[in-house]
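Structure file run25.txt; described as compact mmCIF, C-alpha atoms.
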```txt
# COMPACT_ATOMS: atom_id res chain seq x y z
CA MET A 230 0.69 -11.43 5.53
CA ASN A 231 1.01 -11.39 1.78
CA ASN A 232 0.60 -14.95 0.53
CA ASP A 233 -2.63 -13.92 -1.17
CA PHE A 234 -0.78 -11.08 -2.88
CA ALA A 235 2.19 -13.06 -4.21
CA PRO A 236 2.08 -13.02 -8.01
CA LEU A 237 3.41 -15.35 -10.69
CA GLY A 238 4.95 -12.32 -12.37
CA VAL A 239 5.77 -8.70 -11.59
CA ALA A 240 6.29 -5.78 -13.96
CA PHE A 241 7.70 -2.32 -13.42
CA ASP A 242 7.53 1.16 -14.79
CA LEU A 243 10.97 2.67 -15.48
CA ASP A 244 11.20 6.46 -15.03
CA GLY A 245 10.31 7.48 -11.49
CA THR A 246 10.02 3.88 -10.31
CA LEU A 247 13.38 2.24 -10.97
CA VAL A 248 15.32 5.23 -12.20
CA ASP A 249 15.55 8.91 -11.37
CA SER A 250 15.84 10.06 -14.97
CA ALA A 251 14.62 13.63 -14.57
CA PRO A 252 18.07 15.29 -14.75
CA GLY A 253 18.91 13.71 -18.11
CA LEU A 254 15.45 14.34 -19.53
CA ALA A 255 15.46 17.95 -18.34
CA GLU A 256 18.86 18.65 -19.86
CA ALA A 257 17.73 17.29 -23.22
CA VAL A 258 14.45 19.22 -23.08
CA ASP A 259 16.18 22.46 -22.14
CA ARG A 260 18.80 22.17 -24.87
CA ALA A 261 16.07 21.49 -27.44
CA LEU A 262 14.05 24.49 -26.23
CA VAL A 263 17.05 26.80 -26.37
CA ASP A 264 17.81 25.63 -29.92
CA VAL A 265 14.42 26.91 -31.08
CA GLY A 266 14.63 30.16 -29.15
CA LEU A 267 12.54 29.19 -26.12
CA PRO A 268 13.45 29.45 -22.41
CA GLU A 269 14.79 26.58 -20.35
CA ALA A 270 12.25 24.86 -18.10
CA GLY A 271 14.53 23.31 -15.47
CA VAL A 272 14.53 19.88 -13.90
CA GLU A 273 11.89 20.60 -11.25
CA ARG A 274 9.35 21.64 -13.86
CA VAL A 275 10.28 18.97 -16.41
CA SER A 276 9.82 16.28 -13.75
CA THR A 277 6.11 17.15 -13.65
CA TRP A 278 5.82 16.45 -17.40
CA ILE A 279 7.27 12.92 -17.31
CA GLY A 280 5.10 9.85 -17.76
CA ASN A 281 3.17 10.00 -21.02
CA GLY A 282 6.01 9.55 -23.50
CA ALA A 283 8.40 11.92 -25.25
CA ASP A 284 5.87 13.48 -27.63
CA VAL A 285 3.60 14.57 -24.79
CA MET A 286 6.53 15.78 -22.68
CA VAL A 287 7.85 17.90 -25.55
CA GLU A 288 4.40 19.32 -26.22
CA ARG A 289 4.01 20.22 -22.54
CA ALA A 290 7.39 21.93 -22.58
CA VAL A 291 6.63 23.95 -25.70
CA ARG A 292 3.19 24.89 -24.41
CA TRP A 293 4.72 26.10 -21.13
CA ALA A 294 7.33 28.09 -23.07
CA GLU A 295 4.55 29.60 -25.19
CA GLY A 296 6.04 28.25 -28.39
CA SER A 297 4.20 27.16 -31.53
CA LEU A 298 2.08 24.02 -31.21
CA GLU A 299 2.09 23.43 -34.95
CA PRO A 300 2.92 19.75 -35.69
CA LYS A 301 5.99 20.64 -37.77
CA PHE A 302 7.44 22.77 -34.97
CA LEU A 303 6.75 20.12 -32.32
CA GLN A 304 8.35 17.48 -34.52
CA ASN A 305 11.45 19.65 -34.86
CA VAL A 306 11.72 20.05 -31.08
CA ARG A 307 11.17 16.32 -30.60
CA GLN A 308 13.97 15.49 -33.03
CA LYS A 309 16.30 17.85 -31.21
CA PHE A 310 15.27 16.31 -27.89
CA ASP A 311 16.03 12.81 -29.20
CA GLY A 312 19.48 13.88 -30.31
CA TYR A 313 20.33 15.43 -26.97
CA TYR A 314 18.77 12.67 -24.88
CA ALA A 315 20.93 10.10 -26.64
CA GLN A 316 23.83 12.00 -25.04
CA THR A 317 22.31 12.70 -21.61
CA ALA A 318 20.21 9.59 -20.82
CA ALA A 319 22.92 7.52 -19.15
CA GLY A 320 24.76 10.30 -17.36
CA GLY A 321 21.54 11.97 -16.23
CA SER A 322 19.92 8.85 -14.74
CA THR A 323 20.53 7.05 -11.45
CA LEU A 324 18.91 4.06 -9.79
CA TYR A 325 16.73 4.68 -6.79
CA PRO A 326 18.02 3.08 -3.55
CA GLN A 327 18.17 -0.74 -3.52
CA VAL A 328 16.48 -1.17 -6.88
CA LYS A 329 19.14 -3.47 -8.31
CA GLU A 330 19.36 -5.57 -5.15
CA THR A 331 15.58 -5.96 -4.97
CA LEU A 332 15.18 -6.86 -8.65
CA THR A 333 18.03 -9.36 -8.33
CA ALA A 334 16.33 -11.00 -5.33
CA LEU A 335 13.01 -11.23 -7.17
CA ALA A 336 14.66 -12.76 -10.24
CA ALA A 337 16.61 -15.21 -8.08
CA ALA A 338 13.30 -16.36 -6.59
CA GLY A 339 12.18 -17.38 -10.06
CA ILE A 340 9.62 -14.60 -10.51
CA PRO A 341 9.50 -13.39 -14.15
CA LEU A 342 10.18 -9.65 -14.33
CA GLY A 343 8.72 -7.36 -16.96
CA LEU A 344 9.32 -3.73 -17.80
CA ILE A 345 6.68 -1.40 -19.27
CA THR A 346 7.70 2.15 -20.05
CA ASN A 347 6.38 5.00 -22.20
CA LYS A 348 10.00 6.00 -22.90
CA PRO A 349 10.87 5.72 -26.62
CA THR A 350 12.04 2.16 -27.18
CA PRO A 351 15.51 2.95 -28.64
CA PHE A 352 16.55 4.61 -25.37
CA VAL A 353 15.49 1.76 -23.07
CA ALA A 354 18.11 -0.97 -23.61
CA PRO A 355 21.14 1.37 -23.54
CA LEU A 356 19.86 2.94 -20.33
CA LEU A 357 19.34 -0.44 -18.65
CA THR A 358 22.82 -1.52 -19.70
CA SER A 359 24.41 1.66 -18.34
CA LEU A 360 22.70 1.07 -14.99
CA GLY A 361 23.54 -2.63 -14.78
CA LEU A 362 19.94 -3.82 -15.12
CA ASP A 363 20.27 -5.58 -18.47
CA GLY A 364 19.45 -9.27 -18.34
CA LEU A 365 17.07 -9.02 -15.39
CA PHE A 366 13.84 -8.66 -17.37
CA SER A 367 12.05 -11.45 -19.20
CA GLN A 368 10.17 -8.97 -21.36
CA ILE A 369 10.52 -5.25 -22.08
CA ILE A 370 7.74 -3.13 -23.59
CA GLY A 371 8.85 0.35 -24.71
CA GLY A 372 6.81 3.30 -25.81
CA ASP A 373 7.19 2.45 -29.51
CA ASP A 374 6.11 -1.18 -29.09
CA VAL A 375 2.40 -0.41 -28.74
CA VAL A 376 -0.04 1.94 -30.44
CA GLN A 377 -1.54 3.03 -27.12
CA LYS A 378 0.74 3.91 -24.20
CA LYS A 379 -0.05 3.85 -20.49
CA PRO A 380 -2.57 4.72 -19.00
CA HIS A 381 -4.12 2.54 -21.73
CA PRO A 382 -3.92 -1.14 -20.70
CA ALA A 383 -2.51 -2.24 -24.10
CA PRO A 384 1.13 -2.50 -22.90
CA LEU A 385 0.07 -4.71 -20.00
CA TYR A 386 -1.99 -6.94 -22.29
CA LEU A 387 1.05 -7.37 -24.52
CA LEU A 388 3.27 -8.21 -21.55
CA LEU A 389 0.75 -10.73 -20.21
CA ALA A 390 0.66 -12.44 -23.60
CA HIS A 391 4.46 -12.67 -23.76
CA LEU A 392 4.72 -14.03 -20.22
CA GLY A 393 1.74 -16.37 -20.60
CA LEU A 394 0.01 -14.99 -17.50
CA ARG A 395 -3.54 -14.01 -16.62
CA ALA A 396 -4.12 -10.46 -15.42
CA SER A 397 -4.79 -11.75 -11.90
CA GLU A 398 -1.31 -13.33 -11.87
CA LEU A 399 0.63 -10.11 -12.50
CA VAL A 400 1.44 -7.22 -10.17
CA PHE A 401 2.46 -3.91 -11.73
CA VAL A 402 4.69 -1.47 -9.83
CA GLY A 403 4.74 2.20 -10.76
CA ASP A 404 5.02 5.74 -9.48
CA SER A 405 2.30 7.63 -11.36
CA ARG A 406 -1.41 7.58 -12.00
CA ASN A 407 -0.65 6.40 -15.54
CA ASP A 408 0.78 3.18 -14.12
CA ILE A 409 -2.04 2.60 -11.65
CA GLN A 410 -4.77 3.35 -14.18
CA ALA A 411 -3.19 1.04 -16.75
CA ALA A 412 -2.94 -1.81 -14.25
CA GLN A 413 -6.48 -1.33 -13.02
CA ALA A 414 -7.84 -1.21 -16.58
CA ALA A 415 -6.00 -4.44 -17.40
CA GLY A 416 -7.30 -6.18 -14.27
CA CYS A 417 -3.87 -6.44 -12.63
CA ARG A 418 -3.04 -5.65 -9.03
CA CYS A 419 -0.70 -2.74 -8.54
CA VAL A 420 1.77 -1.12 -6.16
CA GLY A 421 2.31 2.64 -6.06
CA MET A 422 5.67 4.08 -5.04
CA THR A 423 5.55 7.45 -3.30
CA TYR A 424 8.88 8.92 -4.45
CA GLY A 425 8.53 9.25 -8.22
CA TYR A 426 6.96 11.60 -10.76
CA ASN A 427 3.20 11.92 -10.37
CA TYR A 428 2.35 15.45 -11.49
CA GLY A 429 2.59 16.70 -7.90
CA GLU A 430 -0.15 14.34 -6.70
CA ALA A 431 0.02 11.72 -3.96
CA ILE A 432 0.05 8.25 -5.52
CA ALA A 433 -2.49 7.09 -2.92
CA LEU A 434 -5.13 9.19 -4.70
CA SER A 435 -5.06 6.66 -7.55
CA GLN A 436 -5.93 3.88 -5.07
CA PRO A 437 -3.30 1.23 -5.84
CA ASP A 438 -3.56 -2.05 -3.96
CA ARG A 439 -0.46 -1.14 -1.95
CA VAL A 440 1.45 2.10 -1.38
CA LEU A 441 5.16 1.81 -0.54
CA GLU A 442 7.83 4.38 0.30
CA ARG A 443 10.90 2.20 -0.33
CA PHE A 444 11.51 -0.07 -3.28
CA ALA A 445 12.99 -2.83 -1.13
CA ASP A 446 9.67 -3.06 0.75
CA LEU A 447 8.39 -5.03 -2.26
CA LEU A 448 10.21 -8.16 -1.15
CA PRO A 449 7.97 -9.01 1.85
CA LEU A 450 4.91 -8.49 -0.36
CA PHE A 451 6.12 -11.34 -2.52
CA GLY A 452 6.97 -13.60 0.40
CA LEU A 453 10.70 -12.87 0.32
CA SER A 454 12.99 -11.83 3.14
CA PRO A 455 13.93 -8.15 3.47
CA LEU A 456 17.38 -7.13 2.31
CA LYS A 457 19.91 -7.55 5.10
CA ASP A 458 21.41 -4.13 4.55
CA GLN A 459 18.07 -2.36 4.09
CA GLU A 460 18.19 1.13 5.50
CA ALA A 461 15.84 2.06 8.27
```

Represent the structure from my file as structure tokens, please.
Amino acid sequence: MNNDFAPLGVAFDLDGTLVDSAPGLAEAVDRALVDVGLPEAGVERVSTWIGNGADVMVERAVRWAEGSLEPKFLQNVRQKFDGYYAQTAAGGSTLYPQVKETLTALAAAGIPLGLITNKPTPFVAPLLTSLGLDGLFSQIIGGDDVVQKKPHPAPLYLLLAHLGLRASELVFVGDSRNDIQAAQAAGCRCVGMTYGYNYGEAIALSQPDRVLERFADLLPLFGLSPLKDQEA
């Protein structure tokens, strides 16, 4: 069914697509808020602020808590967040079901894998290592590697240049409208996962080329056999 869809390369978002990172992010946000005399937000609320990078997430948290939006205050909260997240990132993040097995199968098939995340770059490699995903990606683009983050197409353009691919040869997989809009703006096809962080919206509203509920369902799209132990 999907021979016309099979790409020469595939790239992924990180938070909400490969990794449930909300618990670790929420703990760091809450500790930073408490340090400056503001109330905790909680993981359910923080999960709706994920996707546009740490600066935007911190600003959303402070705005919700009715704190000062002065740049100096926001910078202070962001610095506190960074310090706490360095402690909570690994322990507060878990892989979604069958992510590692699916990525391993794609890599074994010779498909170059890329990673594009708005997460601050220094946190990306340690997190991948802690989850056993290091070494799977041909190219990693973090939030500090580009001037414009998703939903701007700049990170995808950079990835395409590194991989030597045309936009039509790459499929981007994400869980939020930022991912879908970035892929569409870059001219890449895209897959939207239903289980991640998308501001409370259905990913189908962003009109990706495919909508999937399970990560392992990517394999048939790329002409590969389903995982033998895939859950029903």

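Relative to atom CA of A:Leu262, atom CA of A:Tyr428 is found at 20.9 Å.
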
Where's the centre, and what are the edge lengths in Å to one decimal, of a box along x, y and z enclosing all listed atoms of stretch 432-440 of chain A padded 5 Å per side, as lines of an AutoDock Vina configuration file?
```
center_x = -2.2
center_y = 3.6
center_z = -4.5
size_x = 17.4
size_y = 21.2
size_z = 16.2
```

(message) One decimal, in Å: what's the spacing between atom CA of A:Asp446 and atom CA of A:Phe366?
(response) 19.4 Å

(request) Write out as a count of residues only the residues lying within 7 Å of stretch 435-443 of chain A, counting only C-alpha atoms and excluding same-chain residues fewer than 2 positions away. (result) 13

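Residues in contact with A:Asp363 at 8 Å, where all atoms listed in the file are counted and same-chain residues fewer than 4 positions away are skipped, are listed as Ala354, Leu357 and Thr358 of chain A.
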
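The nearest approach to A:Gly361 among the residues A:Leu448, A:Val402, A:Leu332, A:Leu453, with only C-alpha atoms taken into account, belongs to A:Leu332.
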
Rebuild stretch 396-420 of chain A so that it carries N, CA, C and O atoms, then output the result as a PDB file, in the frame of the given file.
```pdb
ATOM      1  N   ALA A 396      -4.253 -11.758 -16.083  1.00  0.00           N
ATOM      2  CA  ALA A 396      -4.120 -10.460 -15.420  1.00  0.00           C
ATOM      3  C   ALA A 396      -4.034 -10.609 -13.911  1.00  0.00           C
ATOM      4  O   ALA A 396      -3.292  -9.883 -13.245  1.00  0.00           O
ATOM      5  N   SER A 397      -4.772 -11.553 -13.355  1.00  0.00           N
ATOM      6  CA  SER A 397      -4.790 -11.750 -11.900  1.00  0.00           C
ATOM      7  C   SER A 397      -3.463 -12.289 -11.374  1.00  0.00           C
ATOM      8  O   SER A 397      -3.219 -12.282 -10.165  1.00  0.00           O
ATOM      9  N   GLU A 398      -2.588 -12.734 -12.280  1.00  0.00           N
ATOM     10  CA  GLU A 398      -1.310 -13.330 -11.870  1.00  0.00           C
ATOM     11  C   GLU A 398      -0.145 -12.353 -11.958  1.00  0.00           C
ATOM     12  O   GLU A 398       0.993 -12.720 -11.655  1.00  0.00           O
ATOM     13  N   LEU A 399      -0.432 -11.110 -12.347  1.00  0.00           N
ATOM     14  CA  LEU A 399       0.630 -10.110 -12.500  1.00  0.00           C
ATOM     15  C   LEU A 399       0.395  -8.933 -11.560  1.00  0.00           C
ATOM     16  O   LEU A 399      -0.723  -8.458 -11.423  1.00  0.00           O
ATOM     17  N   VAL A 400       1.465  -8.458 -10.943  1.00  0.00           N
ATOM     18  CA  VAL A 400       1.440  -7.220 -10.170  1.00  0.00           C
ATOM     19  C   VAL A 400       2.281  -6.185 -10.915  1.00  0.00           C
ATOM     20  O   VAL A 400       3.395  -6.480 -11.361  1.00  0.00           O
ATOM     21  N   PHE A 401       1.736  -4.985 -11.052  1.00  0.00           N
ATOM     22  CA  PHE A 401       2.460  -3.910 -11.730  1.00  0.00           C
ATOM     23  C   PHE A 401       2.860  -2.855 -10.718  1.00  0.00           C
ATOM     24  O   PHE A 401       2.050  -2.422  -9.897  1.00  0.00           O
ATOM     25  N   VAL A 402       4.121  -2.433 -10.775  1.00  0.00           N
ATOM     26  CA  VAL A 402       4.690  -1.470  -9.830  1.00  0.00           C
ATOM     27  C   VAL A 402       5.033  -0.188 -10.569  1.00  0.00           C
ATOM     28  O   VAL A 402       5.785  -0.211 -11.544  1.00  0.00           O
ATOM     29  N   GLY A 403       4.478   0.933 -10.103  1.00  0.00           N
ATOM     30  CA  GLY A 403       4.740   2.200 -10.760  1.00  0.00           C
ATOM     31  C   GLY A 403       4.691   3.363  -9.788  1.00  0.00           C
ATOM     32  O   GLY A 403       4.425   3.187  -8.596  1.00  0.00           O
ATOM     33  N   ASP A 404       4.948   4.558 -10.328  1.00  0.00           N
ATOM     34  CA  ASP A 404       5.020   5.740  -9.480  1.00  0.00           C
ATOM     35  C   ASP A 404       3.993   6.798  -9.839  1.00  0.00           C
ATOM     36  O   ASP A 404       3.884   7.803  -9.140  1.00  0.00           O
ATOM     37  N   SER A 405       3.226   6.590 -10.927  1.00  0.00           N
ATOM     38  CA  SER A 405       2.300   7.630 -11.360  1.00  0.00           C
ATOM     39  C   SER A 405       0.915   7.076 -11.607  1.00  0.00           C
ATOM     40  O   SER A 405       0.718   5.862 -11.732  1.00  0.00           O
ATOM     41  N   ARG A 406      -0.038   7.996 -11.738  1.00  0.00           N
ATOM     42  CA  ARG A 406      -1.410   7.580 -12.000  1.00  0.00           C
ATOM     43  C   ARG A 406      -1.526   6.842 -13.324  1.00  0.00           C
ATOM     44  O   ARG A 406      -2.402   5.987 -13.479  1.00  0.00           O
ATOM     45  N   ASN A 407      -0.631   7.139 -14.285  1.00  0.00           N
ATOM     46  CA  ASN A 407      -0.650   6.400 -15.540  1.00  0.00           C
ATOM     47  C   ASN A 407      -0.454   4.909 -15.309  1.00  0.00           C
ATOM     48  O   ASN A 407      -1.116   4.067 -15.928  1.00  0.00           O
ATOM     49  N   ASP A 408       0.480   4.581 -14.416  1.00  0.00           N
ATOM     50  CA  ASP A 408       0.780   3.180 -14.120  1.00  0.00           C
ATOM     51  C   ASP A 408      -0.395   2.505 -13.419  1.00  0.00           C
ATOM     52  O   ASP A 408      -0.785   1.381 -13.767  1.00  0.00           O
ATOM     53  N   ILE A 409      -0.947   3.191 -12.427  1.00  0.00           N
ATOM     54  CA  ILE A 409      -2.040   2.600 -11.650  1.00  0.00           C
ATOM     55  C   ILE A 409      -3.282   2.437 -12.508  1.00  0.00           C
ATOM     56  O   ILE A 409      -3.946   1.387 -12.473  1.00  0.00           O
ATOM     57  N   GLN A 410      -3.601   3.433 -13.314  1.00  0.00           N
ATOM     58  CA  GLN A 410      -4.770   3.350 -14.180  1.00  0.00           C
ATOM     59  C   GLN A 410      -4.621   2.252 -15.224  1.00  0.00           C
ATOM     60  O   GLN A 410      -5.583   1.536 -15.528  1.00  0.00           O
ATOM     61  N   ALA A 411      -3.420   2.095 -15.765  1.00  0.00           N
ATOM     62  CA  ALA A 411      -3.190   1.040 -16.750  1.00  0.00           C
ATOM     63  C   ALA A 411      -3.367  -0.340 -16.121  1.00  0.00           C
ATOM     64  O   ALA A 411      -4.007  -1.226 -16.703  1.00  0.00           O
ATOM     65  N   ALA A 412      -2.804  -0.518 -14.932  1.00  0.00           N
ATOM     66  CA  ALA A 412      -2.940  -1.810 -14.250  1.00  0.00           C
ATOM     67  C   ALA A 412      -4.393  -2.108 -13.908  1.00  0.00           C
ATOM     68  O   ALA A 412      -4.880  -3.232 -14.118  1.00  0.00           O
ATOM     69  N   GLN A 413      -5.082  -1.125 -13.393  1.00  0.00           N
ATOM     70  CA  GLN A 413      -6.480  -1.330 -13.020  1.00  0.00           C
ATOM     71  C   GLN A 413      -7.336  -1.649 -14.241  1.00  0.00           C
ATOM     72  O   GLN A 413      -8.210  -2.514 -14.190  1.00  0.00           O
ATOM     73  N   ALA A 414      -7.071  -0.956 -15.358  1.00  0.00           N
ATOM     74  CA  ALA A 414      -7.840  -1.210 -16.580  1.00  0.00           C
ATOM     75  C   ALA A 414      -7.579  -2.601 -17.131  1.00  0.00           C
ATOM     76  O   ALA A 414      -8.468  -3.217 -17.739  1.00  0.00           O
ATOM     77  N   ALA A 415      -6.351  -3.104 -16.912  1.00  0.00           N
ATOM     78  CA  ALA A 415      -6.000  -4.440 -17.400  1.00  0.00           C
ATOM     79  C   ALA A 415      -6.453  -5.547 -16.455  1.00  0.00           C
ATOM     80  O   ALA A 415      -6.388  -6.728 -16.809  1.00  0.00           O
ATOM     81  N   GLY A 416      -6.881  -5.179 -15.252  1.00  0.00           N
ATOM     82  CA  GLY A 416      -7.300  -6.180 -14.270  1.00  0.00           C
ATOM     83  C   GLY A 416      -6.166  -6.725 -13.435  1.00  0.00           C
ATOM     84  O   GLY A 416      -6.310  -7.782 -12.798  1.00  0.00           O
ATOM     85  N   CYS A 417      -5.025  -6.011 -13.423  1.00  0.00           N
ATOM     86  CA  CYS A 417      -3.870  -6.440 -12.630  1.00  0.00           C
ATOM     87  C   CYS A 417      -3.850  -5.708 -11.287  1.00  0.00           C
ATOM     88  O   CYS A 417      -4.305  -4.575 -11.181  1.00  0.00           O
ATOM     89  N   ARG A 418      -3.288  -6.354 -10.281  1.00  0.00           N
ATOM     90  CA  ARG A 418      -3.040  -5.650  -9.030  1.00  0.00           C
ATOM     91  C   ARG A 418      -1.842  -4.722  -9.212  1.00  0.00           C
ATOM     92  O   ARG A 418      -1.048  -4.897 -10.132  1.00  0.00           O
ATOM     93  N   CYS A 419      -1.737  -3.737  -8.335  1.00  0.00           N
ATOM     94  CA  CYS A 419      -0.700  -2.740  -8.540  1.00  0.00           C
ATOM     95  C   CYS A 419      -0.173  -2.195  -7.227  1.00  0.00           C
ATOM     96  O   CYS A 419      -0.863  -2.182  -6.209  1.00  0.00           O
ATOM     97  N   VAL A 420       1.077  -1.746  -7.283  1.00  0.00           N
ATOM     98  CA  VAL A 420       1.770  -1.120  -6.160  1.00  0.00           C
ATOM     99  C   VAL A 420       2.189   0.268  -6.590  1.00  0.00           C
ATOM    100  O   VAL A 420       2.781   0.444  -7.662  1.00  0.00           O
TER     101      VAL A 420
END
```
